[in-house]
>>> print(open('start15.txt').read())   # compact mmCIF, C-alpha atoms
# COMPACT_ATOMS: atom_id res chain seq x y z
CA MET A 15 -10.92 9.61 -22.01
CA LYS A 16 -12.13 6.61 -20.04
CA ARG A 17 -11.30 8.26 -16.74
CA ARG A 18 -13.28 11.32 -17.77
CA LEU A 19 -16.32 9.12 -18.48
CA LEU A 20 -15.98 7.41 -15.11
CA LEU A 21 -15.79 10.74 -13.32
CA ALA A 22 -18.86 11.96 -15.15
CA ALA A 23 -20.75 8.81 -14.21
CA ALA A 24 -19.72 9.18 -10.57
CA ALA A 25 -20.87 12.79 -10.55
CA GLY A 26 -24.19 11.88 -12.13
CA ALA A 27 -25.02 8.92 -9.89
CA PRO A 28 -26.16 10.77 -6.73
CA ILE A 29 -28.57 12.90 -8.77
CA VAL A 30 -30.24 9.79 -10.16
CA LEU A 31 -30.69 8.42 -6.64
CA GLN A 32 -32.26 11.64 -5.44
CA LEU A 33 -34.76 11.71 -8.29
CA ARG A 34 -36.00 8.18 -7.79
CA PRO A 35 -38.47 8.77 -4.85
CA ALA A 36 -40.19 11.56 -6.75
CA GLN A 37 -40.69 9.35 -9.80
CA ALA A 38 -42.09 6.46 -7.76
CA THR A 39 -44.87 8.65 -6.42
CA PRO A 40 -48.01 8.21 -8.54
CA GLU A 41 -49.75 11.27 -9.96
CA ALA A 42 -52.84 10.72 -7.78
CA LEU A 43 -50.76 11.04 -4.62
CA ALA A 44 -49.08 14.16 -5.92
CA ALA A 45 -52.46 15.62 -6.85
CA ALA A 46 -53.92 14.87 -3.40
CA ILE A 47 -50.94 16.49 -1.68
CA HIS A 48 -51.21 19.45 -4.03
CA SER A 49 -54.86 19.96 -3.09
CA PHE A 50 -53.82 20.10 0.59
CA THR A 51 -50.73 22.28 0.27
CA GLY A 52 -52.09 24.52 -2.48
CA GLY A 53 -48.89 24.08 -4.46
CA THR A 54 -46.46 25.03 -1.69
CA PRO A 55 -43.30 22.95 -2.17
CA LEU A 56 -42.86 20.22 0.45
CA ARG A 57 -39.85 20.25 2.70
CA GLU A 58 -38.63 17.20 4.56
CA GLY A 59 -38.59 17.33 8.35
CA LYS A 60 -40.49 18.62 11.39
CA VAL A 61 -43.24 15.99 10.98
CA ARG A 62 -43.01 12.51 12.47
CA ILE A 63 -45.15 9.49 11.58
CA GLU A 64 -45.33 6.70 14.11
CA VAL A 65 -46.42 3.46 12.50
CA ALA A 66 -45.22 -0.14 12.62
CA THR A 67 -42.96 -0.74 9.60
CA LEU A 68 -44.19 -4.34 9.44
CA VAL A 69 -47.99 -4.41 9.58
CA ASP A 70 -49.71 -7.73 10.30
CA ASN A 71 -53.27 -6.64 9.52
CA GLY A 72 -53.92 -3.94 6.95
CA ASN A 73 -57.52 -3.49 8.06
CA THR A 74 -56.65 -1.49 11.16
CA VAL A 75 -53.22 0.07 11.28
CA PRO A 76 -52.61 2.43 14.21
CA VAL A 77 -50.90 5.60 12.99
CA SER A 78 -49.82 8.63 14.96
CA VAL A 79 -48.58 11.91 13.46
CA SER A 80 -46.85 14.61 15.46
CA VAL A 81 -44.94 17.78 14.65
CA PRO A 82 -42.01 17.88 17.10
CA GLY A 83 -40.20 20.44 14.95
CA ALA A 84 -42.70 23.25 15.52
CA ALA A 85 -44.53 24.91 18.42
CA PRO A 86 -48.14 23.65 18.77
CA ALA A 87 -49.65 27.03 17.90
CA GLU A 88 -47.70 27.13 14.62
CA VAL A 89 -49.33 24.02 13.17
CA ALA A 90 -52.50 24.79 11.21
CA ALA A 91 -53.27 21.37 9.75
CA ILE A 92 -51.95 17.84 9.35
CA ALA A 93 -52.83 15.47 6.52
CA LEU A 94 -52.01 11.84 5.93
CA PHE A 95 -51.71 10.32 2.47
CA ASN A 96 -51.00 6.87 1.08
CA GLU A 97 -49.53 5.71 -2.18
CA ARG A 98 -51.40 2.58 -3.26
CA ASN A 99 -54.88 2.49 -1.75
CA PRO A 100 -57.67 3.22 -4.26
CA GLN A 101 -57.77 6.80 -2.96
CA SER A 102 -54.68 8.76 -1.93
CA ASP A 103 -56.28 10.68 0.92
CA VAL A 104 -56.49 9.13 4.39
CA ALA A 105 -57.47 11.95 6.74
CA ARG A 106 -56.99 15.68 7.17
CA PHE A 107 -56.91 17.33 10.58
CA HIS A 108 -57.60 21.05 10.81
CA PHE A 109 -56.78 22.61 14.18
CA GLY A 110 -58.97 25.26 15.76
CA ALA A 111 -58.36 27.94 18.37
CA LEU A 112 -58.68 25.52 21.31
CA ALA A 113 -56.56 22.67 19.96
CA GLY A 114 -53.86 21.48 22.32
CA LEU A 115 -50.74 19.54 21.36
CA ARG A 116 -50.61 18.81 17.64
CA THR A 117 -50.39 15.04 17.89
CA VAL A 118 -53.14 13.05 16.23
CA SER A 119 -53.74 9.31 16.10
CA THR A 120 -56.13 7.17 14.16
CA ARG A 121 -56.45 3.72 12.63
CA ILE A 122 -56.24 3.30 8.88
CA ARG A 123 -56.54 0.71 6.12
CA LEU A 124 -53.63 -0.27 3.93
CA ALA A 125 -54.35 -2.17 0.72
CA THR A 126 -50.76 -3.28 0.18
CA SER A 127 -47.18 -2.53 1.13
CA GLN A 128 -46.64 1.10 0.33
CA GLN A 129 -45.46 4.51 1.37
CA LEU A 130 -47.27 6.77 3.82
CA VAL A 131 -46.84 10.52 3.62
CA ALA A 132 -47.68 12.91 6.43
CA VAL A 133 -47.82 16.61 5.63
CA ALA A 134 -48.06 19.46 8.14
CA ARG A 135 -49.10 22.92 7.08
CA LEU A 136 -47.78 25.63 9.40
CA ALA A 137 -49.36 29.00 10.11
CA ASP A 138 -46.65 30.73 8.03
CA GLY A 139 -47.75 28.71 4.98
CA SER A 140 -44.78 26.35 4.77
CA CYS A 141 -45.43 22.64 4.33
CA TRP A 142 -43.35 19.84 5.84
CA ALA A 143 -43.51 16.15 5.09
CA GLN A 144 -42.25 12.79 6.18
CA ARG A 145 -42.46 9.59 4.17
CA VAL A 146 -42.46 6.11 5.69
CA ASP A 147 -42.43 2.76 3.91
CA VAL A 148 -44.59 0.06 5.46
CA VAL A 149 -44.78 -3.63 4.64
CA VAL A 150 -48.27 -5.14 4.91
CA THR A 151 -48.66 -8.92 5.30
CA LEU A 152 -52.47 -9.14 5.35
CA ALA A 153 -53.95 -6.50 3.06
CA ALA A 154 -57.19 -4.67 3.76
CA CYS A 155 -59.90 -6.20 1.58
CA ILE A 156 -60.69 -3.79 -1.21
CA GLU A 157 -62.05 -6.33 -3.68
CA MET B 24 -78.23 5.33 16.84
CA ALA B 25 -74.54 4.78 16.68
CA ARG B 26 -72.55 3.78 19.72
CA THR B 27 -69.61 5.88 20.78
CA LEU B 28 -66.76 5.64 23.24
CA ILE B 29 -65.38 8.96 24.41
CA GLN B 30 -62.47 9.26 26.80
CA ALA B 31 -62.34 12.77 28.16
CA PRO B 32 -61.09 13.92 31.57
CA SER B 33 -63.81 15.25 33.88
CA SER B 34 -61.53 17.93 35.32
CA VAL B 35 -58.35 19.58 34.04
CA ARG B 36 -56.03 22.41 35.09
CA ARG B 37 -56.47 25.72 33.28
CA GLY B 38 -54.03 26.15 30.42
CA ASP B 39 -53.19 22.45 30.18
CA SER B 40 -53.40 20.47 26.98
CA PHE B 41 -55.50 17.37 27.55
CA SER B 42 -56.00 14.33 25.40
CA LEU B 43 -59.35 13.29 23.94
CA ARG B 44 -60.01 9.87 22.44
CA VAL B 45 -63.17 9.16 20.52
CA LEU B 46 -64.44 6.07 18.76
CA LEU B 47 -67.63 5.71 16.76
CA GLN B 48 -69.22 2.40 15.86
CA HIS B 49 -69.55 2.61 12.08
CA PRO B 50 -68.75 0.17 9.23
CA MET B 51 -66.90 2.78 7.06
CA GLU B 52 -67.85 0.83 3.93
CA SER B 53 -65.22 2.03 1.48
CA GLY B 54 -67.20 1.72 -1.77
CA PHE B 55 -64.41 -0.34 -3.31
CA ARG B 56 -65.48 -3.75 -2.01
CA VAL B 57 -67.58 -6.29 -3.91
CA GLY B 58 -70.38 -8.19 -2.16
CA ALA B 59 -71.36 -11.86 -2.36
CA GLU B 60 -73.39 -11.35 -5.58
CA GLY B 61 -70.59 -9.49 -7.33
CA GLN B 62 -72.13 -6.06 -6.94
CA VAL B 63 -70.04 -3.17 -5.63
CA LEU B 64 -71.11 -2.36 -2.08
CA PRO B 65 -72.17 1.30 -1.99
CA ARG B 66 -69.93 3.66 -0.10
CA ASP B 67 -71.04 4.50 3.43
CA ILE B 68 -68.40 6.40 5.36
CA VAL B 69 -68.14 9.11 7.97
CA ARG B 70 -66.77 12.07 6.05
CA ARG B 71 -66.36 14.67 8.77
CA PHE B 72 -65.74 14.85 12.49
CA ALA B 73 -65.61 18.03 14.53
CA CYS B 74 -65.00 18.79 18.17
CA SER B 75 -65.80 22.11 19.77
CA TYR B 76 -65.32 23.36 23.29
CA ASN B 77 -67.82 25.96 24.55
CA GLY B 78 -68.63 26.72 20.93
CA GLU B 79 -64.99 27.22 19.88
CA ARG B 80 -63.39 24.83 17.41
CA VAL B 81 -60.86 22.32 18.72
CA ILE B 82 -60.39 20.20 15.63
CA GLU B 83 -62.08 19.33 12.38
CA VAL B 84 -61.20 16.09 10.63
CA GLU B 85 -61.93 15.09 7.04
CA LEU B 86 -62.15 11.30 6.80
CA PHE B 87 -61.70 9.22 3.66
CA PRO B 88 -62.37 5.53 2.89
CA ALA B 89 -58.83 4.66 4.02
CA VAL B 90 -59.83 5.22 7.64
CA ALA B 91 -60.55 1.87 9.30
CA ALA B 92 -64.02 0.74 10.38
CA ASN B 93 -65.17 2.17 13.72
CA PRO B 94 -63.15 5.37 13.22
CA TYR B 95 -60.91 6.14 16.20
CA LEU B 96 -59.40 9.58 16.67
CA GLU B 97 -57.07 10.93 19.30
CA PHE B 98 -56.24 14.62 19.63
CA SER B 99 -55.72 17.30 22.26
CA ALA B 100 -57.61 20.34 23.47
CA LEU B 101 -56.56 23.33 25.53
CA ALA B 102 -58.28 23.79 28.90
CA SER B 103 -59.77 27.28 28.87
CA ALA B 104 -62.97 27.32 30.95
CA SER B 105 -65.51 24.93 32.44
CA GLY B 106 -68.25 23.98 30.05
CA THR B 107 -69.08 21.36 27.47
CA LEU B 108 -67.18 19.50 24.82
CA SER B 109 -69.34 18.66 21.85
CA PHE B 110 -68.55 16.11 19.19
CA VAL B 111 -70.25 15.64 15.85
CA TRP B 112 -69.81 13.02 13.15
CA GLU B 113 -71.31 13.49 9.69
CA GLY B 114 -71.35 10.95 6.91
CA ASP B 115 -72.96 9.51 3.81
CA HIS B 116 -76.74 9.01 3.54
CA GLY B 117 -77.42 11.87 5.96
CA PHE B 118 -75.61 10.28 8.88
CA VAL B 119 -75.23 12.66 11.82
CA HIS B 120 -74.31 11.77 15.38
CA ARG B 121 -73.74 14.19 18.24
CA GLU B 122 -72.31 13.72 21.71
CA GLN B 123 -71.56 16.06 24.59
CA ARG B 124 -69.36 15.85 27.67
CA ALA B 125 -69.14 18.24 30.61
CA ILE B 126 -65.70 19.39 31.66
CA THR B 127 -64.54 21.24 34.77
CA VAL B 128 -61.49 23.49 34.64
CA THR B 129 -59.77 24.10 37.96
>>> encode(input="start15.txt", output="structure tokens")
Amino acid sequence: MKRRLLLAAAAGAPIVLQLRPAQATPEALAAAIHSFTGGTPLREGKVRIEVATLVDNGNTVPVSVSVPGAAPAEVAAIALFNERNPQSDVARFHFGALAGLRTVSTRIRLATSQQLVAVARLADGSCWAQRVDVVVTLAACIE
Amino acid sequence: MARTLIQAPSSVRRGDSFSLRVLLQHPMESGFRVGAEGQVLPRDIVRRFACSYNGERVIEVELFPAVAANPYLEFSALASASGTLSFVWEGDHGFVHREQRAITVT
């Protein structure tokens, strides 16, 4: 009987671990991503965020997003979201007919240590995401 | 009149993807900060940036308060024909700023 319980616990444990990131995401972030993707489920991969994992100054954080997993012409738009700033949106890049390589860079504000999410929407409608955790030592002043 | 820095090549090879870097001098006041007298500083941000090349769209960017002051953007365009690159920034309180650069395609 005890062994059966242990086996059940072992089988259940990985599922709990997989669910945790989804629960940590606040509703505002999910809503912002939903407004960009139009409800298309996010898949992990194809997108790459380049950002320092330890940020000294949250007022200007250089961030670069690229889509190495897809041909440039396939990428329709890229959006960047954050978890704990007052607003979940950071920037949305929509590519036109004469856009070149789909790599974009900008400088952003981070109010506290949090997760960044980059989402790429491809021409076929699929949406790909990458999440990165960053630690911020000096927060951007939002007060 | 806002100051801008635009790094664009003066000549590129046809069919190449070339990098464009633009920076606009702007406070990007987020609307979440409180001033010295305790009042909330009104939001004043650049909401939209667009770049077009001989009238065709290269990129359109929606900016939110989380973009740092003096918004810097880097992206790429595809060299198609000689002509002009035009850049426009639009923001709160009727802010509009336009810039143009000539480009030669060889």
>>> closest_residue(input="start15.txt", among="A:Pro82, A:Ala154, A:Val61, A:Thr67", to="Leu94 of chain A", atoms="all atoms listed in the file")
A:Val61
>>> atom_distance(input="start15.txt", atom1="atom CA of Ser34 of chain B", atom2="atom CA of Ala91 of chain A")
27.1 Å
>>> closest_atom_pairs(input="start15.txt", of="chain B", to="chain A", cutoff="8 Å", atoms="only C-alpha atoms", output="JSON lines")
{"residue": "B:Asp39", "atom": "CA", "partner": "A:Gly114", "partner_atom": "CA", "distance": 7.9}
{"residue": "B:Ser40", "atom": "CA", "partner": "A:Gly114", "partner_atom": "CA", "distance": 4.8}
{"residue": "B:Phe41", "atom": "CA", "partner": "A:Gly114", "partner_atom": "CA", "distance": 6.9}
{"residue": "B:Ser53", "atom": "CA", "partner": "A:Ile156", "partner_atom": "CA", "distance": 7.9}
{"residue": "B:Phe55", "atom": "CA", "partner": "A:Ile156", "partner_atom": "CA", "distance": 5.5}
{"residue": "B:Arg56", "atom": "CA", "partner": "A:Glu157", "partner_atom": "CA", "distance": 4.6}
{"residue": "B:Val57", "atom": "CA", "partner": "A:Glu157", "partner_atom": "CA", "distance": 5.5}
{"residue": "B:Tyr76", "atom": "CA", "partner": "A:Leu112", "partner_atom": "CA", "distance": 7.3}
{"residue": "B:Glu79", "atom": "CA", "partner": "A:Leu112", "partner_atom": "CA", "distance": 6.7}
{"residue": "B:Arg80", "atom": "CA", "partner": "A:Gly110", "partner_atom": "CA", "distance": 4.7}
{"residue": "B:Val81", "atom": "CA", "partner": "A:Ala113", "partner_atom": "CA", "distance": 4.5}
{"residue": "B:Ile82", "atom": "CA", "partner": "A:Phe109", "partner_atom": "CA", "distance": 4.6}
{"residue": "B:Glu83", "atom": "CA", "partner": "A:His108", "partner_atom": "CA", "distance": 5.0}
{"residue": "B:Val84", "atom": "CA", "partner": "A:Phe107", "partner_atom": "CA", "distance": 4.5}
{"residue": "B:Glu85", "atom": "CA", "partner": "A:Arg106", "partner_atom": "CA", "distance": 5.0}
{"residue": "B:Leu86", "atom": "CA", "partner": "A:Ala105", "partner_atom": "CA", "distance": 4.7}
{"residue": "B:Phe87", "atom": "CA", "partner": "A:Val104", "partner_atom": "CA", "distance": 5.3}
{"residue": "B:Pro88", "atom": "CA", "partner": "A:Val104", "partner_atom": "CA", "distance": 7.1}
{"residue": "B:Ala89", "atom": "CA", "partner": "A:Arg123", "partner_atom": "CA", "distance": 5.0}
{"residue": "B:Val90", "atom": "CA", "partner": "A:Ile122", "partner_atom": "CA", "distance": 4.3}
{"residue": "B:Ala91", "atom": "CA", "partner": "A:Ile122", "partner_atom": "CA", "distance": 4.6}
{"residue": "B:Ala92", "atom": "CA", "partner": "A:Thr74", "partner_atom": "CA", "distance": 7.7}
{"residue": "B:Pro94", "atom": "CA", "partner": "A:Arg121", "partner_atom": "CA", "distance": 6.9}
{"residue": "B:Tyr95", "atom": "CA", "partner": "A:Thr120", "partner_atom": "CA", "distance": 5.3}
{"residue": "B:Leu96", "atom": "CA", "partner": "A:Thr120", "partner_atom": "CA", "distance": 4.8}
{"residue": "B:Glu97", "atom": "CA", "partner": "A:Ser119", "partner_atom": "CA", "distance": 4.9}
{"residue": "B:Phe98", "atom": "CA", "partner": "A:Val118", "partner_atom": "CA", "distance": 4.9}
{"residue": "B:Ser99", "atom": "CA", "partner": "A:Gly114", "partner_atom": "CA", "distance": 4.6}
{"residue": "B:Ala100", "atom": "CA", "partner": "A:Gly114", "partner_atom": "CA", "distance": 4.1}
{"residue": "B:Leu101", "atom": "CA", "partner": "A:Gly114", "partner_atom": "CA", "distance": 4.6}
{"residue": "B:Ala102", "atom": "CA", "partner": "A:Leu112", "partner_atom": "CA", "distance": 7.8}
{"residue": "B:Ser103", "atom": "CA", "partner": "A:Leu112", "partner_atom": "CA", "distance": 7.8}
>>> atom_distance(input="start15.txt", atom1="atom CA of Ile63 of chain A", atom2="atom CA of Cys141 of chain A")
15.0 Å
>>> residues_around(input="start15.txt", residues="Pro32 of chain B", least_positions_apart="3", cutoff="12 Å", atoms="all atoms listed in the file", output="VMD selection string")
chain B and resid 29 35 to 36 39 to 44 99 to 100 102 105 107 to 108 124 to 128
>>> atom_distance(input="start15.txt", atom1="atom CA of Cys74 of chain B", atom2="atom CA of Gly117 of chain B")
18.7 Å
>>> closest_residue(input="start15.txt", among="B:Asn93, B:Gly54, B:Glu60, B:Phe72", to="Glu122 of chain B", atoms="all atoms listed in the file")
B:Phe72
>>> closest_residue(input="start15.txt", among="A:Val146, A:Val133, A:Ala42, A:Leu152", to="Leu56 of chain A", atoms="all atoms listed in the file")
A:Val133
>>> residues_around(input="start15.txt", residues="Leu68 of chain A", least_positions_apart="2", cutoff="7 Å", atoms="all atoms listed in the file", output="list in words")
Ala66, Asp70, Val148, Val149 and Val150 of chain A
